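Student: This is the content of my_file_13.pdb (PDB, C-alpha atoms and all ligand atoms):
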```pdb
MODEL        1
ATOM      1  CA  MET A  13      20.941 -68.446 -31.439  1.00  0.00           C
ATOM      2  CA  PRO A  14      19.489 -71.686 -32.897  1.00  0.00           C
ATOM      3  CA  LEU A  15      21.679 -73.815 -35.149  1.00  0.00           C
ATOM      4  CA  PRO A  16      20.943 -73.033 -38.800  1.00  0.00           C
ATOM      5  CA  ASP A  17      20.298 -76.656 -39.856  1.00  0.00           C
ATOM      6  CA  ARG A  18      17.996 -77.505 -36.978  1.00  0.00           C
ATOM      7  CA  PRO A  19      14.458 -78.162 -38.222  1.00  0.00           C
ATOM      8  CA  PRO A  20      11.962 -75.537 -37.124  1.00  0.00           C
ATOM      9  CA  ARG A  21       9.925 -76.564 -34.121  1.00  0.00           C
ATOM     10  CA  PRO A  22       6.570 -75.203 -33.088  1.00  0.00           C
ATOM     11  CA  GLN A  23       6.983 -72.746 -30.230  1.00  0.00           C
ATOM     12  CA  ARG A  24       5.794 -74.425 -27.096  1.00  0.00           C
ATOM     13  CA  ARG A  25       7.612 -72.342 -24.562  1.00  0.00           C
ATOM     14  CA  ARG A  26       5.293 -71.363 -21.782  1.00  0.00           C
ATOM     15  CA  VAL A  27       5.263 -67.675 -21.027  1.00  0.00           C
ATOM     16  CA  VAL A  28       4.390 -66.622 -17.501  1.00  0.00           C
ATOM     17  CA  GLU A  29       4.107 -63.009 -16.427  1.00  0.00           C
ATOM     18  CA  SER A  30       3.111 -62.191 -12.894  1.00  0.00           C
ATOM     19  CA  ALA A  31       3.266 -59.439 -10.328  1.00  0.00           C
ATOM     20  CA  ALA A  32       2.437 -58.938  -6.677  1.00  0.00           C
ATOM     21  CA  LEU A  33       0.685 -55.635  -6.093  1.00  0.00           C
ATOM     22  CA  GLY A  34      -0.021 -53.550  -3.080  1.00  0.00           C
ATOM     23  CA  GLU A  35       2.735 -54.402  -0.626  1.00  0.00           C
ATOM     24  CA  ARG A  36       5.023 -51.791  -2.049  1.00  0.00           C
ATOM     25  CA  GLU A  37       4.888 -49.486  -5.049  1.00  0.00           C
ATOM     26  CA  GLN A  38       5.925 -51.082  -8.302  1.00  0.00           C
ATOM     27  CA  SER A  39       9.053 -49.714  -9.903  1.00  0.00           C
ATOM     28  CA  ARG A  40       8.454 -47.374 -12.784  1.00  0.00           C
ATOM     29  CA  ALA A  41       9.556 -50.059 -15.274  1.00  0.00           C
ATOM     30  CA  GLU A  42       7.246 -52.642 -13.715  1.00  0.00           C
ATOM     31  CA  ALA A  43       4.317 -50.240 -13.700  1.00  0.00           C
ATOM     32  CA  ALA A  44       4.971 -49.415 -17.354  1.00  0.00           C
ATOM     33  CA  ARG A  45       5.069 -53.103 -18.244  1.00  0.00           C
ATOM     34  CA  TRP A  46       1.651 -53.595 -16.647  1.00  0.00           C
ATOM     35  CA  THR A  47       0.016 -50.535 -18.190  1.00  0.00           C
ATOM     36  CA  CYS A  48      -2.463 -51.300 -20.955  1.00  0.00           C
ATOM     37  CA  PRO A  49      -2.576 -49.315 -24.232  1.00  0.00           C
ATOM     38  CA  HIS A  50      -5.294 -47.114 -22.718  1.00  0.00           C
ATOM     39  CA  GLY A  51      -3.009 -45.968 -19.934  1.00  0.00           C
ATOM     40  CA  ARG A  52      -4.578 -47.974 -17.135  1.00  0.00           C
ATOM     41  CA  HIS A  53      -2.675 -50.255 -14.814  1.00  0.00           C
ATOM     42  CA  ALA A  54      -3.766 -53.823 -15.513  1.00  0.00           C
ATOM     43  CA  GLY A  55      -4.408 -54.410 -11.809  1.00  0.00           C
ATOM     44  CA  ARG A  56      -7.153 -51.802 -11.859  1.00  0.00           C
ATOM     45  CA  GLY A  57      -8.769 -53.304 -14.949  1.00  0.00           C
ATOM     46  CA  CYS A  58      -9.739 -51.654 -18.229  1.00  0.00           C
ATOM     47  CA  VAL A  59     -13.211 -51.716 -19.724  1.00  0.00           C
ATOM     48  CA  THR A  60     -11.865 -50.981 -23.214  1.00  0.00           C
ATOM     49  CA  CYS A  61      -9.444 -53.925 -22.998  1.00  0.00           C
ATOM     50  CA  TYR A  62     -12.354 -56.070 -21.783  1.00  0.00           C
ATOM     51  CA  GLU A  63     -14.471 -55.036 -24.770  1.00  0.00           C
ATOM     52  CA  ASP A  64     -11.569 -55.463 -27.206  1.00  0.00           C
ATOM     53  CA  SER A  65     -10.932 -58.991 -25.962  1.00  0.00           C
ATOM     54  CA  ALA A  66     -14.427 -60.022 -27.065  1.00  0.00           C
ATOM     55  CA  GLU A  67     -13.234 -60.103 -30.667  1.00  0.00           C
ATOM     56  CA  ASP A  68     -11.330 -63.347 -30.154  1.00  0.00           C
ATOM     57  CA  ASP A  69      -8.728 -62.675 -32.847  1.00  0.00           C
ATOM     58  CA  PRO A  70      -6.926 -66.020 -33.402  1.00  0.00           C
ATOM     59  CA  ALA A  71      -3.734 -64.166 -34.375  1.00  0.00           C
ATOM     60  CA  LEU A  72      -3.334 -63.084 -30.752  1.00  0.00           C
ATOM     61  CA  HIS A  73      -2.049 -65.131 -27.829  1.00  0.00           C
ATOM     62  CA  LEU A  74      -4.660 -66.922 -25.764  1.00  0.00           C
ATOM     63  CA  TRP A  75      -3.785 -65.916 -22.218  1.00  0.00           C
ATOM     64  CA  GLU A  76      -4.839 -67.660 -19.066  1.00  0.00           C
ATOM     65  CA  VAL A  77      -5.262 -64.944 -16.509  1.00  0.00           C
ATOM     66  CA  ALA A  78      -5.528 -65.194 -12.746  1.00  0.00           C
ATOM     67  CA  ALA A  79      -6.134 -62.199 -10.501  1.00  0.00           C
ATOM     68  CA  TRP A  80      -6.366 -62.336  -6.732  1.00  0.00           C
ATOM     69  CA  PHE A  81      -8.277 -59.528  -5.107  1.00  0.00           C
ATOM     70  CA  THR A  82      -9.747 -58.517  -1.799  1.00  0.00           C
ATOM     71  CA  THR A  83     -13.102 -56.942  -1.090  1.00  0.00           C
ATOM     72  CA  ALA A  84     -14.399 -54.942   1.829  1.00  0.00           C
ATOM     73  CA  ARG A  85     -17.494 -57.106   2.053  1.00  0.00           C
ATOM     74  CA  PRO A  86     -17.987 -60.829   1.332  1.00  0.00           C
ATOM     75  CA  ILE A  87     -19.333 -61.785  -2.093  1.00  0.00           C
ATOM     76  CA  PRO A  88     -22.475 -63.943  -1.702  1.00  0.00           C
ATOM     77  CA  ILE A  89     -22.017 -67.611  -2.655  1.00  0.00           C
ATOM     78  CA  LYS A  90     -24.807 -67.329  -5.228  1.00  0.00           C
ATOM     79  CA  THR A  91     -22.997 -64.482  -6.977  1.00  0.00           C
ATOM     80  CA  LEU A  92     -19.845 -66.587  -7.125  1.00  0.00           C
ATOM     81  CA  GLN A  93     -21.784 -69.450  -8.667  1.00  0.00           C
ATOM     82  CA  ASP A  94     -23.572 -67.228 -11.186  1.00  0.00           C
ATOM     83  CA  ILE A  95     -20.437 -65.623 -12.582  1.00  0.00           C
ATOM     84  CA  HIS A  96     -20.276 -67.949 -15.589  1.00  0.00           C
ATOM     85  CA  ARG A  97     -23.453 -66.439 -16.959  1.00  0.00           C
ATOM     86  CA  HIS A  98     -21.914 -62.984 -17.175  1.00  0.00           C
ATOM     87  CA  GLY A  99     -18.348 -63.432 -18.128  1.00  0.00           C
ATOM     88  CA  ARG A 100     -17.498 -65.616 -21.107  1.00  0.00           C
ATOM     89  CA  GLY A 101     -16.623 -68.506 -18.881  1.00  0.00           C
ATOM     90  CA  PHE A 102     -14.695 -66.475 -16.378  1.00  0.00           C
ATOM     91  CA  GLY A 103     -14.457 -68.114 -12.992  1.00  0.00           C
ATOM     92  CA  LEU A 104     -14.662 -66.539  -9.584  1.00  0.00           C
ATOM     93  CA  THR A 105     -13.624 -68.674  -6.659  1.00  0.00           C
ATOM     94  CA  GLN A 106     -12.749 -68.167  -3.057  1.00  0.00           C
ATOM     95  CA  PRO A 107      -9.484 -69.611  -1.816  1.00  0.00           C
ATOM     96  CA  SER A 108      -9.314 -70.385   1.890  1.00  0.00           C
ATOM     97  CA  THR A 109      -8.577 -66.850   3.078  1.00  0.00           C
ATOM     98  CA  PRO A 110     -11.676 -64.805   3.972  1.00  0.00           C
ATOM     99  CA  LEU A 111     -12.395 -61.859   1.674  1.00  0.00           C
ATOM    100  CA  VAL A 112      -9.774 -62.992  -0.844  1.00  0.00           C
ATOM    101  CA  TYR A 113     -11.088 -64.034  -4.232  1.00  0.00           C
ATOM    102  CA  LEU A 114      -9.576 -65.449  -7.392  1.00  0.00           C
ATOM    103  CA  LEU A 115     -10.873 -64.327 -10.751  1.00  0.00           C
ATOM    104  CA  SER A 116      -9.704 -66.411 -13.700  1.00  0.00           C
ATOM    105  CA  GLY A 117     -10.408 -66.385 -17.389  1.00  0.00           C
ATOM    106  CA  GLN A 118      -9.037 -66.868 -20.871  1.00  0.00           C
ATOM    107  CA  VAL A 119      -8.722 -63.923 -23.228  1.00  0.00           C
ATOM    108  CA  ARG A 120      -6.910 -63.159 -26.446  1.00  0.00           C
ATOM    109  CA  ALA A 121      -4.551 -60.196 -26.338  1.00  0.00           C
ATOM    110  CA  ALA A 122      -1.160 -59.136 -27.640  1.00  0.00           C
ATOM    111  CA  LEU A 123       0.298 -58.394 -24.223  1.00  0.00           C
ATOM    112  CA  ALA A 124      -0.034 -59.760 -20.703  1.00  0.00           C
ATOM    113  CA  ALA A 125      -1.027 -56.288 -19.478  1.00  0.00           C
ATOM    114  CA  GLN A 126      -3.949 -56.196 -21.908  1.00  0.00           C
ATOM    115  CA  ALA A 127      -5.039 -59.708 -20.972  1.00  0.00           C
ATOM    116  CA  VAL A 128      -5.043 -58.929 -17.252  1.00  0.00           C
ATOM    117  CA  ALA A 129      -6.678 -55.523 -17.794  1.00  0.00           C
ATOM    118  CA  ALA A 130      -9.413 -57.265 -19.809  1.00  0.00           C
ATOM    119  CA  VAL A 131     -10.197 -59.895 -17.180  1.00  0.00           C
ATOM    120  CA  ILE A 132     -10.225 -57.351 -14.340  1.00  0.00           C
ATOM    121  CA  GLY A 133     -12.207 -55.022 -16.626  1.00  0.00           C
ATOM    122  CA  PHE A 134     -14.957 -57.583 -16.288  1.00  0.00           C
ATOM    123  CA  LEU A 135     -15.245 -56.614 -12.614  1.00  0.00           C
ATOM    124  CA  LEU A 136     -15.549 -52.948 -13.582  1.00  0.00           C
ATOM    125  CA  GLN A 137     -18.338 -53.834 -15.988  1.00  0.00           C
ATOM    126  CA  ASN A 138     -20.153 -55.868 -13.381  1.00  0.00           C
ATOM    127  CA  ARG A 139     -20.356 -53.671 -10.339  1.00  0.00           C
ATOM    128  CA  HIS A 140     -23.305 -55.685  -9.100  1.00  0.00           C
ATOM    129  CA  VAL A 141     -20.846 -58.573  -8.581  1.00  0.00           C
ATOM    130  CA  VAL A 142     -18.167 -56.613  -6.736  1.00  0.00           C
ATOM    131  CA  GLU A 143     -18.590 -52.980  -5.739  1.00  0.00           C
ATOM    132  CA  ALA A 144     -15.051 -52.238  -4.665  1.00  0.00           C
ATOM    133  CA  PHE A 145     -12.043 -54.464  -4.963  1.00  0.00           C
ATOM    134  CA  HIS A 146      -8.306 -54.320  -4.560  1.00  0.00           C
ATOM    135  CA  VAL A 147      -6.138 -56.559  -6.725  1.00  0.00           C
ATOM    136  CA  THR A 148      -3.178 -58.018  -4.855  1.00  0.00           C
ATOM    137  CA  GLU A 149      -1.640 -60.369  -7.399  1.00  0.00           C
ATOM    138  CA  ILE A 150      -1.884 -60.894 -11.145  1.00  0.00           C
ATOM    139  CA  ARG A 151      -0.658 -63.647 -13.413  1.00  0.00           C
ATOM    140  CA  ALA A 152      -0.949 -64.222 -17.145  1.00  0.00           C
ATOM    141  CA  THR A 153       0.345 -67.273 -18.992  1.00  0.00           C
ATOM    142  CA  HIS A 154       0.221 -68.563 -22.527  1.00  0.00           C
ATOM    143  CA  SER A 155       1.966 -71.368 -24.352  1.00  0.00           C
TER     144      SER A 155
HETATM  145 ZN    ZN A 201      -6.951 -50.967 -21.776  1.00  0.00          ZN
ENDMDL
END
```
Show the structure stored in the file as structure tokens.
Ligand SMILES: [Zn+2]

Tutor:
Amino acid sequence: MPLPDRPPRPQRRRVVESAALGEREQSRAEAARWTCPHGRHAGRGCVTCYEDSAEDDPALHLWEVAAWFTTARPIPIKTLQDIHRHGRGFGLTQPSTPLVYLLSGQVRAALAAQAVAAVIGFLLQNRHVVEAFHVTEIRATHS
């Protein structure tokens, strides 16, 4: 509990929520924490969350989201470079490992699960970018 006579300070605590997916099943509590309001696991993405995040409501947290995913087939370099045109400044980069990609973006949402579901929802909306993908790790931060 804060001391009563301490002057109020702006909240600058950085919130980080992350999860590794795929290696083993998430516990029921973990899975629930990462389920968006539409009942989808954030790691699979949610088109409704993606559409909702377009509203840019300043009352909501601005989350920085990172999602690592694998694909069965390589994504062409040109597609990686063109991603900015489709996705509100979302970035798609390839770390050193073959067939592992990093999708990053900023979205406003109440919860980390919604923020991650929104960013991965972008992939669902843009099947010409990635046909099939498997998310291995997710991270959402805001300050
Ligand atoms: Zn959703």

Student: Could you expand the PyMOL selection byres (((not hetatm)) within 8 of (chain A and resi 201)) into the explicit residues it covers here, written as a list in words?

Tutor: Thr47, Cys48, Pro49, His50, Gly51, Arg52, Ala54, Gly57, Cys58, Val59, Thr60, Cys61, Tyr62, Gln126, Ala129 and Ala130 of chain A

Student: Restricting the calculation to all atoms listed in the file: of A:Ala32, A:Ala43, A:Ala84, A:Ala144, which residue gets closest to Pro110 of chain A?

Tutor: A:Ala84

Student: For the file shown, what are the residues hit by the PyMOL selection byres (((chain A and resi 81-83) around 10) and not hetatm), laid out as a list in words?

Tutor: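 Listing what the PyMOL selection byres (((chain A and resi 81-83) around 10) and not hetatm) selects in the shown file: Leu33, Gly55, Ala78, Ala79, Trp80, Ala84, Arg85, Pro86, Ile87, Gln106, Thr109, Pro110, Leu111, Val112, Tyr113, Leu114, Leu115, Ile132, Val142, Glu143, Ala144, Phe145, His146, Val147, Thr148, Glu149 and Ile150 of chain A.
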
Student: Specify the axis-aligned box that encloses all atoms of segment 49-61 of chain A listed in the file after padding of 5 Å on each side, stating its centre and edge lengths in Å to one decimal as AutoDock Vina command-line options.

Tutor:
```
--center_x -7.9 --center_y -50.2 --center_z -18.0 --size_x 20.6 --size_y 18.4 --size_z 22.4
```

Student: How far is it from atom CA of Ala31 of chain A to atom CA of Trp75 of chain A, in Å with one decimal?

Tutor: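 Taking atom CA of Ala31 of chain A as the start and atom CA of Trp75 of chain A as the end point, the length is 15.3 Å.
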
Student: To one decimal place, how far is atom CA of Leu104 of chain A from atom CA of Val119 of chain A in Å?

Tutor: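 Between these atoms lies a distance of 15.1 Å.
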